[in-house]
$ cat my_file.txt   # compact mmCIF, C-alpha atoms
# COMPACT_ATOMS: atom_id res chain seq x y z
CA MET Y 1 0.00 0.00 0.00
CA VAL Y 2 1.27 3.46 -0.79
CA ALA Y 3 -0.28 6.24 1.23
CA PRO Y 4 -0.26 9.96 0.57
CA ASP Y 5 2.50 11.99 2.08
CA LEU Y 6 2.57 12.24 5.84
CA VAL Y 7 3.17 15.51 7.54
CA SER Y 8 3.41 14.66 11.20
CA GLU Y 9 4.53 11.98 13.57
CA ASP Y 10 0.90 11.58 14.58
CA ASP Y 11 0.12 10.44 11.07
CA ILE Y 12 2.85 7.87 11.31
CA ALA Y 13 1.70 6.71 14.70
CA LYS Y 14 -1.73 5.98 13.27
CA LEU Y 15 -0.14 3.56 10.85
CA ILE Y 16 1.05 1.43 13.70
CA MET Y 17 -2.51 0.55 14.62
CA PRO Y 18 -3.08 -2.60 12.59
CA ASP Y 19 -6.64 -2.05 11.52
CA ASP Y 20 -6.68 -1.18 7.88
CA LEU Y 21 -5.52 -4.26 6.02
CA SER Y 22 -8.02 -6.96 5.35
CA ASP Y 23 -6.07 -9.68 3.67
CA GLU Y 24 -5.27 -12.99 5.24
CA SER Y 25 -4.00 -13.45 8.73
CA ALA Y 26 -0.36 -14.20 9.36
CA LEU Y 27 -1.40 -16.80 11.85
CA LYS Y 28 -4.25 -19.27 11.72
CA THR Y 29 -5.31 -21.34 14.63
CA TYR Y 30 -7.93 -24.00 14.90
CA ILE Y 31 -9.27 -26.54 17.30
CA GLU Y 32 -10.11 -30.09 16.32
CA VAL Y 33 -11.95 -32.64 18.45
CA LYS Y 34 -12.63 -36.31 17.85
CA VAL Y 35 -14.94 -38.20 20.20
CA TYR Y 36 -15.07 -41.99 20.35
CA ASP Y 37 -17.57 -44.09 22.25
CA LYS Y 38 -16.56 -46.95 24.52
CA GLU Y 39 -16.39 -49.29 21.53
CA GLY Y 40 -14.06 -47.04 19.64
CA HIS Y 41 -16.62 -45.68 17.21
CA LEU Y 42 -15.99 -42.13 16.08
CA ILE Y 43 -19.19 -40.38 17.14
CA GLN Y 44 -18.27 -36.72 16.83
CA HIS Y 45 -15.75 -34.80 14.79
CA HIS Y 46 -15.61 -31.10 15.41
CA ARG Y 47 -13.35 -28.44 14.04
CA GLN Y 48 -13.53 -24.71 14.47
CA PRO Y 49 -11.26 -21.71 14.16
CA MET Y 50 -9.70 -20.50 17.35
CA ARG Y 51 -10.67 -16.95 18.06
CA SER Y 52 -9.09 -15.86 21.25
CA LEU Y 53 -5.43 -15.40 22.01
CA THR Y 54 -4.63 -13.68 25.27
CA GLN Y 55 -2.04 -11.01 25.94
CA TYR Y 56 0.07 -13.73 27.51
CA PHE Y 57 0.36 -15.47 24.17
CA LEU Y 58 1.71 -12.21 22.75
CA ALA Y 59 4.15 -11.92 25.63
CA LEU Y 60 5.40 -15.48 25.15
CA MET Y 61 5.78 -14.87 21.43
CA SER Y 62 7.86 -11.82 22.17
CA ILE Y 63 10.68 -13.91 23.65
CA PRO Y 64 11.76 -15.54 20.36
CA ILE Y 65 11.32 -12.19 18.59
CA ILE Y 66 12.89 -9.57 20.85
CA GLY Y 67 14.52 -11.73 23.50
CA THR Y 68 14.56 -11.39 27.24
CA TYR Y 69 17.04 -8.49 27.60
CA THR Y 70 16.51 -4.92 26.53
CA GLY Y 71 19.90 -4.80 24.86
CA SER Y 72 23.45 -6.04 24.70
CA SER Y 73 24.67 -4.17 27.76
CA ALA Y 74 21.50 -3.58 29.75
CA ASN Y 75 20.99 -6.35 32.25
CA GLN Y 76 17.26 -5.69 32.41
CA ALA Y 77 14.29 -7.72 31.25
CA GLN Y 78 12.04 -6.65 28.43
CA SER Y 79 9.21 -4.52 29.72
CA ILE Y 80 6.62 -6.80 28.08
CA LEU Y 81 7.87 -9.65 30.25
CA THR Y 82 7.73 -7.58 33.41
CA SER Y 83 4.45 -5.84 32.69
CA LEU Y 84 2.42 -8.71 31.22
CA PHE Y 85 3.98 -11.74 32.88
CA GLY Y 86 5.03 -10.03 36.07
CA LEU Y 87 8.54 -11.41 35.76
CA PRO Y 88 11.31 -9.58 37.64
CA SER Y 89 13.45 -7.11 35.75
CA GLN Y 90 16.41 -8.96 37.22
CA GLN Y 91 16.39 -12.41 38.75
CA TYR Y 92 18.51 -12.77 41.85
CA THR Y 93 21.31 -15.28 41.43
CA TYR Y 94 23.94 -16.54 43.80
CA ASN Y 95 27.65 -15.90 43.46
CA TYR Y 96 27.91 -14.56 39.94
CA TYR Y 97 25.78 -17.31 38.54
CA SER Y 98 23.09 -17.04 35.87
CA ALA Y 99 19.36 -17.29 35.39
CA ASN Y 100 17.41 -18.79 32.54
CA ILE Y 101 13.86 -19.15 31.33
CA LEU Y 102 11.82 -21.98 29.83
CA TRP Y 103 8.15 -22.86 29.57
CA ASP Y 104 5.73 -25.68 29.18
CA TRP Y 105 2.19 -25.89 27.89
CA SER Y 106 -0.90 -27.91 28.75
CA LEU Y 107 -4.43 -28.17 27.41
CA VAL Y 108 -7.29 -27.68 29.84
CA LEU Y 109 -11.00 -28.36 29.33
CA GLY Y 110 -14.01 -26.95 31.07
CA SER Y 111 -17.76 -27.07 31.35
CA GLY Y 112 -18.48 -23.36 31.68
CA THR Y 113 -18.46 -20.30 29.50
CA GLN Y 114 -17.27 -16.74 29.96
CA SER Y 115 -16.70 -13.66 27.89
CA PHE Y 116 -13.28 -13.41 26.41
CA SER Y 117 -10.76 -10.97 27.78
CA PRO Y 118 -7.08 -10.78 26.82
CA THR Y 119 -6.28 -10.95 30.53
CA LEU Y 120 -8.14 -14.19 31.23
CA THR Y 121 -6.15 -16.46 33.51
CA SER Y 122 -8.35 -19.54 33.78
CA LEU Y 123 -11.34 -21.35 32.37
CA ALA Y 124 -14.79 -20.58 33.76
CA ALA Y 125 -15.29 -24.10 35.10
CA PRO Y 126 -12.24 -26.31 34.64
CA ILE Y 127 -12.88 -30.04 34.59
CA SER Y 128 -10.68 -31.77 37.12
CA ASN Y 129 -8.37 -34.65 36.34
CA GLY Y 130 -9.85 -37.82 37.82
CA THR Y 131 -12.30 -40.64 37.47
CA GLY Y 132 -15.07 -39.33 39.70
CA ALA Y 133 -18.33 -37.69 38.82
CA GLY Y 134 -17.82 -34.76 36.49
CA GLU Y 135 -14.13 -35.49 36.12
CA LEU Y 136 -12.04 -36.42 33.11
CA TYR Y 137 -8.92 -38.53 33.08
CA TYR Y 138 -6.30 -36.49 31.24
CA GLY Y 139 -3.96 -38.68 29.22
CA PRO Y 140 -0.51 -37.76 27.99
CA PHE Y 141 -0.11 -34.31 26.50
CA GLY Y 142 1.72 -34.13 23.19
CA VAL Y 143 3.29 -31.43 21.07
CA SER Y 144 4.47 -31.62 17.48
CA TYR Y 145 5.59 -29.05 14.98
CA THR Y 146 6.17 -28.39 11.32
CA ALA Y 147 8.26 -25.69 9.70
CA THR Y 148 5.40 -23.26 10.16
CA SER Y 149 3.10 -24.58 12.89
CA ILE Y 150 2.89 -26.08 16.36
CA THR Y 151 0.20 -28.56 17.39
CA ALA Y 152 -0.78 -29.45 20.95
CA THR Y 153 -2.88 -32.55 21.63
CA ILE Y 154 -4.45 -34.16 24.64
CA THR Y 155 -6.60 -37.26 25.01
CA VAL Y 156 -9.15 -37.52 27.79
CA ILE Y 157 -11.26 -40.44 29.01
CA ASN Y 158 -14.56 -40.25 30.81
CA TYR Y 159 -14.41 -42.93 33.50
CA SER Y 160 -17.43 -41.51 35.30
CA ALA Y 161 -20.90 -43.01 35.02
CA SER Y 162 -22.44 -40.02 33.25
CA THR Y 163 -21.91 -38.12 30.03
CA ILE Y 164 -19.68 -35.09 30.46
CA THR Y 165 -20.25 -31.99 28.38
CA ILE Y 166 -17.21 -29.95 27.42
CA THR Y 167 -17.86 -26.36 26.43
CA GLU Y 168 -14.53 -24.55 26.73
CA ILE Y 169 -10.87 -25.14 26.05
CA GLY Y 170 -7.69 -23.29 26.85
CA LEU Y 171 -3.98 -23.61 26.26
CA LYS Y 172 -2.07 -22.92 29.45
CA ALA Y 173 1.56 -22.03 29.93
CA THR Y 174 3.83 -22.42 32.91
CA ILE Y 175 6.96 -20.31 32.82
CA TYR Y 176 9.96 -21.46 34.80
CA LEU Y 177 12.54 -18.90 35.86
CA GLN Y 178 15.55 -20.85 37.08
CA TYR Y 179 18.42 -19.62 39.22
CA GLN Y 180 20.81 -20.54 42.03
CA ASN Y 181 19.35 -19.43 45.34
CA SER Y 182 21.23 -17.98 48.31
CA SER Y 183 22.04 -21.52 49.48
CA ASN Y 184 23.54 -22.28 46.08
CA GLN Y 185 20.71 -24.63 45.25
CA THR Y 186 19.13 -24.76 41.83
CA THR Y 187 15.56 -23.58 42.09
CA TYR Y 188 12.87 -21.93 40.04
CA ASN Y 189 9.85 -19.70 40.29
CA THR Y 190 6.79 -20.55 38.23
CA TYR Y 191 4.28 -18.26 36.56
CA ASN Y 192 1.04 -19.63 35.12
CA PHE Y 193 -0.97 -18.09 32.30
CA LEU Y 194 -3.73 -18.82 29.85
CA LEU Y 195 -2.46 -18.43 26.30
CA THR Y 196 -5.73 -19.11 24.47
CA TYR Y 197 -9.37 -19.39 25.43
CA ASP Y 198 -12.28 -20.59 23.34
CA THR Y 199 -15.77 -21.91 23.80
CA PHE Y 200 -16.97 -24.59 21.44
CA SER Y 201 -19.54 -23.55 18.85
CA THR Y 202 -21.37 -26.73 19.81
CA PRO Y 203 -20.67 -28.50 23.12
CA ILE Y 204 -18.67 -31.72 23.05
CA SER Y 205 -20.45 -34.64 24.74
CA LEU Y 206 -18.30 -37.44 26.02
CA PRO Y 207 -20.24 -40.56 27.08
CA PRO Y 208 -19.13 -42.86 29.90
CA ASN Y 209 -15.94 -44.70 28.94
CA GLY Y 210 -15.70 -42.56 25.86
CA ILE Y 211 -12.41 -41.10 24.67
CA ALA Y 212 -11.85 -37.71 23.08
CA SER Y 213 -8.80 -36.08 21.57
CA PHE Y 214 -8.47 -32.30 21.56
CA GLN Y 215 -6.00 -30.61 19.29
CA ILE Y 216 -4.95 -27.01 18.86
CA THR Y 217 -2.83 -26.05 15.86
CA ILE Y 218 -1.20 -22.66 15.57
CA THR Y 219 0.19 -21.76 12.16
CA PHE Y 220 2.64 -18.91 11.96
CA THR Y 221 2.86 -18.42 8.22
CA GLY Y 222 -0.03 -16.91 6.31
CA MET W 1 -20.43 -31.39 13.98
CA MET W 2 -21.57 -34.88 13.09
CA ILE W 3 -22.69 -38.02 14.80
CA GLY W 4 -21.32 -41.02 12.94
CA LYS W 5 -21.37 -44.76 13.29
CA GLY W 6 -17.95 -45.56 11.94
CA ASN W 7 -15.24 -47.52 13.63
CA ASN W 8 -12.30 -45.26 14.32
CA ASP W 9 -11.64 -43.21 11.21
CA ILE W 10 -12.60 -45.96 8.77
CA ASN W 11 -15.61 -45.21 6.56
CA VAL W 12 -16.53 -42.18 8.60
CA ASP W 13 -17.44 -39.15 6.57
CA ILE W 14 -15.73 -36.02 7.69
CA PRO W 15 -18.31 -33.37 8.56
CA ASN W 16 -18.27 -30.20 6.59
CA ASP W 17 -17.23 -28.07 9.51
CA ALA W 18 -14.20 -30.26 10.05
CA TYR W 19 -12.59 -29.11 6.83
CA ASP W 20 -10.32 -26.14 6.71
CA THR W 21 -12.42 -23.57 4.96
CA GLY W 22 -9.62 -21.06 4.67
CA LYS W 23 -11.89 -18.53 6.28
CA ASP W 24 -10.57 -18.73 9.79
CA ILE W 25 -11.08 -15.64 11.82
CA PRO W 26 -7.74 -13.95 12.43
CA THR W 27 -6.52 -14.24 15.97
CA PHE W 28 -3.12 -12.81 15.28
CA SER W 29 -1.61 -10.44 12.79
CA ALA W 30 1.85 -9.17 12.08
CA TYR W 31 2.31 -6.03 10.02
CA LEU W 32 5.33 -4.68 8.25
CA ILE W 33 5.50 -0.94 7.65
CA ALA W 34 8.17 1.05 5.86
CA ILE W 35 8.33 4.84 5.82
CA VAL W 36 10.77 6.44 3.40
CA ARG W 37 12.02 10.01 3.69
CA ASP W 38 14.03 12.07 1.25
CA SER W 39 17.12 14.09 2.08
CA THR W 40 14.99 16.93 3.48
CA GLY W 41 13.13 14.65 5.86
CA LYS W 42 9.93 14.69 3.86
CA VAL W 43 8.01 11.43 3.79
CA ILE W 44 7.90 10.24 0.21
CA LYS W 45 6.51 6.75 0.60
CA VAL W 46 4.63 4.65 3.10
CA HIS W 47 4.41 0.94 2.54
CA LYS W 48 2.29 -1.34 4.71
CA GLN W 49 1.74 -5.05 4.26
CA LYS W 50 0.89 -8.13 6.21
CA SER W 51 3.92 -9.89 7.57
CA HIS W 52 3.70 -13.57 6.83
CA SER W 53 6.72 -15.42 7.93
CA SER W 54 8.22 -16.75 11.08
CA THR W 55 11.32 -18.86 10.55
CA ALA W 56 12.21 -22.33 11.75
CA ASN W 57 14.34 -20.76 14.47
CA PHE W 58 11.25 -19.00 15.82
CA ILE W 59 9.26 -22.24 15.90
CA GLY W 60 12.08 -24.01 17.72
CA LEU W 61 12.40 -21.28 20.34
CA LEU W 62 8.65 -21.28 21.00
CA LEU W 63 8.39 -25.04 21.53
CA PRO W 64 7.35 -25.99 25.06
CA LEU W 65 9.19 -28.28 27.41
CA THR W 66 6.76 -31.12 26.64
CA TRP W 67 8.12 -31.51 23.13
CA PHE W 68 11.71 -31.79 24.35
CA ARG W 69 10.77 -34.24 27.09
CA ASN W 70 8.51 -36.40 24.95
CA THR W 71 10.93 -36.68 22.07
CA GLY W 72 14.20 -36.61 23.99
CA SER W 73 15.40 -34.44 21.15
CA SER W 74 16.99 -31.07 20.79
CA PHE W 75 16.22 -28.34 18.26
CA THR W 76 19.08 -27.17 16.10
CA MET W 77 19.28 -23.40 15.81
CA THR W 78 21.07 -22.05 12.76
CA ASN W 79 22.48 -18.56 12.93
CA ILE W 80 22.94 -16.04 10.14
CA ASN W 81 26.51 -17.21 9.62
CA ASN W 82 25.29 -20.79 9.16
CA GLY W 83 26.64 -21.85 12.54
CA THR W 84 24.47 -24.13 14.65
CA CYS W 85 23.72 -24.74 18.30
CA SER W 86 21.59 -27.27 20.08
CA TYR W 87 18.56 -26.06 22.05
CA SER W 88 17.16 -28.49 24.61
CA PRO W 89 15.72 -26.70 27.63
CA ASN W 90 14.79 -28.54 30.77
CA ILE W 91 14.39 -28.01 34.48
CA GLY W 92 17.49 -28.44 36.61
CA LEU W 93 21.08 -27.40 37.06
CA ASN W 94 22.60 -28.52 33.80
CA PRO W 95 20.26 -27.80 30.87
CA GLU W 96 21.01 -24.73 28.83
CA CYS W 97 17.96 -22.51 28.48
CA ILE W 98 17.41 -19.01 27.17
CA SER W 99 19.34 -16.55 29.32
CA TYR W 100 17.40 -14.23 31.59
CA PRO W 101 18.59 -10.91 33.11
CA ASN W 102 19.97 -11.43 36.58
CA THR W 103 21.97 -9.77 39.31
CA TYR W 104 25.34 -11.01 38.12
CA MET W 105 26.04 -12.69 34.82
CA ASN W 106 25.26 -10.90 31.60
CA ARG W 107 24.91 -13.22 28.64
CA PRO W 108 22.12 -11.33 26.97
CA THR W 109 19.47 -12.66 24.63
CA TYR W 110 18.15 -9.60 22.86
CA MET W 111 16.93 -8.29 19.56
CA ALA W 112 20.10 -7.52 17.67
CA THR W 113 18.60 -5.72 14.69
CA ILE W 114 15.95 -5.44 12.08
CA GLN W 115 18.03 -6.31 9.08
CA VAL W 116 17.25 -5.14 5.56
CA GLY W 117 18.42 -6.63 2.28
CA SER W 118 18.25 -6.29 -1.45
CA GLY W 119 17.45 -9.89 -2.35
CA SER W 120 14.64 -12.35 -1.78
CA GLN W 121 14.11 -16.05 -1.21
CA PRO W 122 11.09 -18.21 -1.90
CA ASN W 123 10.72 -20.16 1.34
CA PRO W 124 10.85 -17.78 4.30
CA SER W 125 10.32 -20.44 6.95
CA SER W 126 13.61 -22.09 6.01
CA ALA W 127 15.52 -18.82 5.80
CA ILE W 128 18.53 -18.59 8.09
CA SER W 129 19.66 -15.20 6.83
CA LEU W 130 18.61 -12.55 4.38
CA ALA W 131 19.32 -13.41 0.76
CA ALA W 132 21.41 -10.28 0.22
CA PRO W 133 21.87 -8.32 3.47
CA ILE W 134 22.61 -4.63 3.18
CA ALA W 135 25.66 -3.88 5.29
CA ASN W 136 25.81 -1.20 7.95
CA GLY W 137 27.82 1.73 6.72
CA SER W 138 28.02 4.70 4.39
CA GLY W 139 29.81 3.01 1.54
CA SER W 140 28.36 2.06 -1.80
CA GLY W 141 25.28 -0.11 -1.39
CA GLN W 142 25.24 0.34 2.37
CA LEU W 143 22.78 1.81 4.85
CA ILE W 144 23.58 3.22 8.26
CA TYR W 145 21.76 1.17 10.89
CA TYR W 146 20.46 3.00 13.94
CA PRO W 147 19.68 1.03 17.11
CA PRO W 148 16.36 -0.79 17.17
CA LEU W 149 13.61 0.67 19.29
CA LEU W 150 11.82 -1.80 21.52
CA PRO W 151 8.34 -1.66 23.00
CA ALA W 152 7.86 0.09 26.31
CA THR W 153 4.99 -2.30 26.86
CA ALA W 154 2.12 -3.89 25.02
CA THR W 155 -0.87 -1.72 24.17
CA VAL W 156 -4.38 -2.93 24.97
CA SER W 157 -7.29 -1.78 22.84
CA GLY W 158 -10.47 -3.69 23.65
CA ASN W 159 -9.66 -7.34 23.13
CA SER W 160 -6.72 -6.45 20.94
CA VAL W 161 -3.22 -6.31 22.35
CA TYR W 162 -0.19 -5.33 20.33
CA PHE W 163 3.41 -4.24 20.48
CA TYR W 164 5.70 -2.93 17.83
CA ILE W 165 9.39 -2.63 17.19
CA SER W 166 11.12 -0.27 14.82
CA GLN W 167 14.46 0.72 13.42
CA GLU W 168 15.72 3.51 11.20
CA PHE W 169 18.26 3.36 8.42
CA SER W 170 19.99 6.24 6.70
CA ASN W 171 21.31 6.23 3.16
CA GLN W 172 24.61 8.11 2.91
CA SER W 173 25.94 5.89 0.16
CA GLY W 174 25.79 8.41 -2.67
CA ALA W 175 23.13 6.54 -4.64
CA THR W 176 19.60 5.19 -4.31
CA ILE W 177 19.38 1.85 -2.50
CA THR W 178 16.61 -0.63 -3.06
CA VAL W 179 15.32 -2.58 -0.06
CA ALA W 180 13.51 -5.78 -0.99
CA GLU W 181 13.62 -7.97 2.11
CA VAL W 182 13.62 -7.55 5.87
CA GLY W 183 14.10 -9.77 8.89
CA ILE W 184 14.31 -9.72 12.66
CA VAL W 185 17.57 -10.99 14.12
CA LEU W 186 17.86 -12.23 17.70
CA GLN W 187 21.13 -12.54 19.60
CA LEU W 188 20.71 -15.83 21.45
CA TRP W 189 22.58 -17.00 24.52
CA LEU W 190 21.81 -20.34 26.14
CA THR W 191 23.02 -20.92 29.67
CA ASN W 192 22.53 -23.10 32.68
CA VAL W 193 22.24 -21.53 36.10
CA ASN W 194 25.75 -21.98 37.51
CA ASN W 195 27.66 -21.08 34.36
CA SER W 196 29.09 -24.57 33.90
CA ASN W 197 27.26 -24.85 30.57
CA TYR W 198 26.59 -22.01 28.19
CA THR W 199 26.52 -21.41 24.46
CA ASN W 200 26.58 -18.29 22.38
CA CYS W 201 24.29 -19.27 19.52
CA GLY W 202 25.04 -16.00 17.79
CA GLN W 203 22.52 -14.05 15.78
CA VAL W 204 19.54 -16.04 14.56
CA LEU W 205 16.91 -14.95 12.08
CA VAL W 206 13.47 -15.38 13.65
CA TRP W 207 11.20 -13.46 11.27
CA TYR W 208 11.52 -12.78 7.55
CA ASP W 209 9.55 -10.96 4.89
CA VAL W 210 9.92 -9.95 1.29
CA PHE W 211 8.33 -6.63 0.43
CA SER W 212 5.44 -6.96 -1.99
CA SER W 213 7.18 -4.26 -4.00
CA PRO W 214 10.81 -3.17 -3.55
CA ILE W 215 11.37 0.12 -1.80
CA SER W 216 13.79 2.75 -3.08
CA VAL W 217 15.64 4.81 -0.51
CA PRO W 218 17.13 7.96 -2.06
CA ASN W 219 20.63 9.13 -1.31
CA GLY W 220 20.59 11.38 1.73
CA GLY W 221 17.26 9.96 2.80
CA GLY W 222 16.28 7.13 5.06
CA ILE W 223 13.85 4.38 5.78
CA ALA W 224 12.13 3.40 9.01
CA ILE W 225 10.87 -0.16 9.43
CA TYR W 226 8.06 -1.00 11.86
CA TYR W 227 6.90 -4.48 12.80
CA THR W 228 3.59 -4.71 14.67
CA PHE W 229 2.42 -7.93 16.37
CA THR W 230 -1.20 -8.10 17.45
CA VAL W 231 -3.48 -10.67 19.02
CA ASN W 232 -7.21 -10.43 18.31
CA PRO W 233 -6.87 -7.63 15.73

$ encode --input "my_file.txt" --output "structure tokens"
Amino acid sequence: MVAPDLVSEDDIAKLIMPDDLSDESALKTYIEVKVYDKEGHLIQHHRQPMRSLTQYFLALMSIPIIGTYTGSSANQAQSILTSLFGLPSQQYTYNYYSANILWDWSLVLGSGTQSFSPTLTSLAAPISNGTGAGELYYGPFGVSYTATSITATITVINYSASTITITEIGLKATIYLQYQNSSNQTTYNTYNFLLTYDTFSTPISLPPNGIASFQITITFTG
Amino acid sequence: MMIGKGNNDINVDIPNDAYDTGKDIPTFSAYLIAIVRDSTGKVIKVHKQKSHSSTANFIGLLLPLTWFRNTGSSFTMTNINNGTCSYSPNIGLNPECISYPNTYMNRPTYMATIQVGSGSQPNPSSAISLAAPIANGSGSGQLIYYPPLLPATATVSGNSVYFYISQEFSNQSGATITVAEVGIVLQLWLTNVNNSNYTNCGQVLVWYDVFSSPISVPNGGGIAIYYTFTVNP
């Protein structure tokens, strides 16, 4: 796009607001669900676009893009990490040692609904891990990737005696900030966030002894 | 949504809403903006386009711990000089993870530069460097790189949240320079917590775009590049 001449910095600032291009997204995300009954029959196959990334997703994405430091000589954390994640601007370390950062993800399911906000931190009504009434047994969580996408998958089993209805899904992140403490022991602080939140366009019903796989795929190339 | 009677995936019709319609609602956007000024400082061109391309290095750095644990594998980062390093974060004393600012040791992971170039390449996700980087300087074919400007914080606007980065470049080369490609370069340090293991991975390309039309920067003028990253635009 070529715009007319700009006369002020205000004009330029307006360009930064990303609201005037309508072509395809740089990132597509979708959720896919397969539900099997106790005999292994596929009874429901659901796929929908994901609509709701939180500000914490943006903050996590910022680490591979702009790093954790503000510069080569400034031993200070990026302001996005301190303001959105609440991470310290400097992590205490013992005796000239270092600190590092890593993260893990998990998929969580729920039976409630709530309005989306970029600051959401949890599902409306998370379904607990277990075999009791209203609980789901969460199987192994898996992650795979391609050159342009990352996919997260979890399989759940309903060992309860009643059908369980799943209406919401979220991708959670736990950030680990590791360091040597004052006793020279390796330790870490954790920070938990919700990266995505969506409600299903139609609820997912999982019958007793049924199995369901939930998959979120995030594609970074449009 | 569909209720079927098939056994596993065999002979089960896929419901219409299970197909990728290509009409997904955007949940994220990245924009690339270039503002060109002439030698008097007058803006002579504004170019704005969708940014489309993370690189493999970006994907590897975003992977969660689960992938590394489940696979027992590491991710090989390739820097702009074609050097490699192995990324395999984990909890504990020994694993090398992305460095974080701390009270003592400074092995910084930071955005080194927005780099501009005069070439292009067809598969951005596999790019490890720009096709034809424009060097920093005032010689022929060069642009003077000013330091990148980083976000003070993310901006919230309704359900949208965004941040942007920018960098300016000045053309003192004596001739017009054409910019055709741009990328974001991260200086990456991996370290464990007691300094017994650490690796300087060097500068890695994490984002790459080719301009939809090349941009001419006149002698004596300059170009400013803005990248904007937004969730829920």

$ closest_residue --input "my_file.txt" --among "Y:Pro118, Y:Pro207, Y:Ser111, Y:Phe85" --to "chain W" --atoms "only C-alpha atoms"
Y:Pro118

$ closest_atom_pairs --input "my_file.txt" --of "stretch 47-123 of chain W" --to "stretch 195-200 of chain W" --cutoff "10 Å" --atoms "all atoms listed in the file" --output "Markdown table"
| residue | atom | partner | partner_atom | distance |
| --- | --- | --- | --- | --- |
| W:Thr84 | CA | W:Asn200 | CA | 9.9 |
| W:Cys85 | CA | W:Thr199 | CA | 7.5 |
| W:Ser86 | CA | W:Thr199 | CA | 8.8 |
| W:Tyr87 | CA | W:Thr199 | CA | 9.5 |
| W:Leu93 | CA | W:Ser196 | CA | 9.1 |
| W:Asn94 | CA | W:Asn197 | CA | 6.8 |
| W:Pro95 | CA | W:Asn197 | CA | 7.6 |
| W:Glu96 | CA | W:Tyr198 | CA | 6.2 |
| W:Cys97 | CA | W:Tyr198 | CA | 8.6 |
| W:Ile98 | CA | W:Tyr198 | CA | 9.7 |
| W:Ser99 | CA | W:Tyr198 | CA | 9.1 |
| W:Met105 | CA | W:Asn195 | CA | 8.6 |
| W:Arg107 | CA | W:Asn200 | CA | 8.2 |
| W:Pro108 | CA | W:Asn200 | CA | 9.5 |
| W:Thr109 | CA | W:Asn200 | CA | 9.3 |

$ atom_distance --input "my_file.txt" --atom1 "atom CA of Y:Leu206" --atom2 "atom CA of Y:Ala173"
25.4 Å

$ residues_around --input "my_file.txt" --residues "Y:Gln185" --least-positions-apart "4" --cutoff "9 Å" --atoms "only C-alpha atoms" --output "ChimeraX atom specification"
/Y:94,179-181 /W:93

$ residues_around --input "my_file.txt" --residues "Y:Ala152" --least-positions-apart "6" --cutoff "8 Å" --atoms "only C-alpha atoms" --output "ChimeraX atom specification"
/Y:106-107,141-144,215-217

$ atom_distance --input "my_file.txt" --atom1 "atom CA of Y:Tyr69" --atom2 "atom CA of W:Met111"
8.0 Å

$ atom_distance --input "my_file.txt" --atom1 "atom CA of W:Val210" --atom2 "atom CA of W:Ser120"
6.1 Å

$ residues_around --input "my_file.txt" --residues "W:Tyr162" --least-positions-apart "4" --cutoff "9 Å" --atoms "all atoms listed in the file" --output "PyMOL selection string"
(chain Y and resi 17-18+55+58) or (chain W and resi 153-157+228-233)

$ closest_residue --input "my_file.txt" --among "Y:Thr68, Y:Thr29, Y:Thr202, Y:Ser213" --to "Y:Pro140" --atoms "only C-alpha atoms"
Y:Ser213

$ closest_residue --input "my_file.txt" --among "W:Ser53, W:Ser126, W:Ser88, W:Gln142" --to "W:Thr71" --atoms "all atoms listed in the file"
W:Ser88

$ closest_residue --input "my_file.txt" --among "Y:Gly139, Y:Pro64, Y:Gly110, Y:Gly170" --to "chain W" --atoms "all atoms listed in the file"
Y:Pro64

$ residues_around --input "my_file.txt" --residues "Y:Phe57" --least-positions-apart "4" --cutoff "9 Å" --atoms "all atoms listed in the file" --output "ChimeraX atom specification"
/Y:53,61-62,173,193-196 /W:231

$ write_last_selection --input "my_file.txt" --atoms "C-alpha atoms" --output "compact mmCIF listing (two decimals), in the coordinates of the input"
# COMPACT_ATOMS: atom_id res chain seq x y z
CA LEU Y 53 -5.43 -15.40 22.01
CA MET Y 61 5.78 -14.87 21.43
CA SER Y 62 7.86 -11.82 22.17
CA ALA Y 173 1.56 -22.03 29.93
CA PHE Y 193 -0.97 -18.09 32.30
CA LEU Y 194 -3.73 -18.82 29.85
CA LEU Y 195 -2.46 -18.43 26.30
CA THR Y 196 -5.73 -19.11 24.47
CA VAL W 231 -3.48 -10.67 19.02

$ closest_residue --input "my_file.txt" --among "W:Pro133, W:Pro124, W:Pro214, W:Gly119" --to "W:Asn57" --atoms "all atoms listed in the file"
W:Pro124

$ closest_residue --input "my_file.txt" --among "W:Gly158, W:Ala131, W:Val46, W:Ala175" --to "W:Ser213" --atoms "only C-alpha atoms"
W:Val46

$ residues_near_point --input "my_file.txt" --point "(14.3, 0.4, 16.9)" --cutoff "8 Å" --atoms "all atoms listed in the file" --output "MDAnalysis selection string"
chainID W and resid 113:114 146:150 165:168

$ residues_around --input "my_file.txt" --residues "W:Pro151" --least-positions-apart "6" --cutoff "8 Å" --atoms "all atoms listed in the file" --output "number ranges by chain"
Y: 79-80; W: 163-165
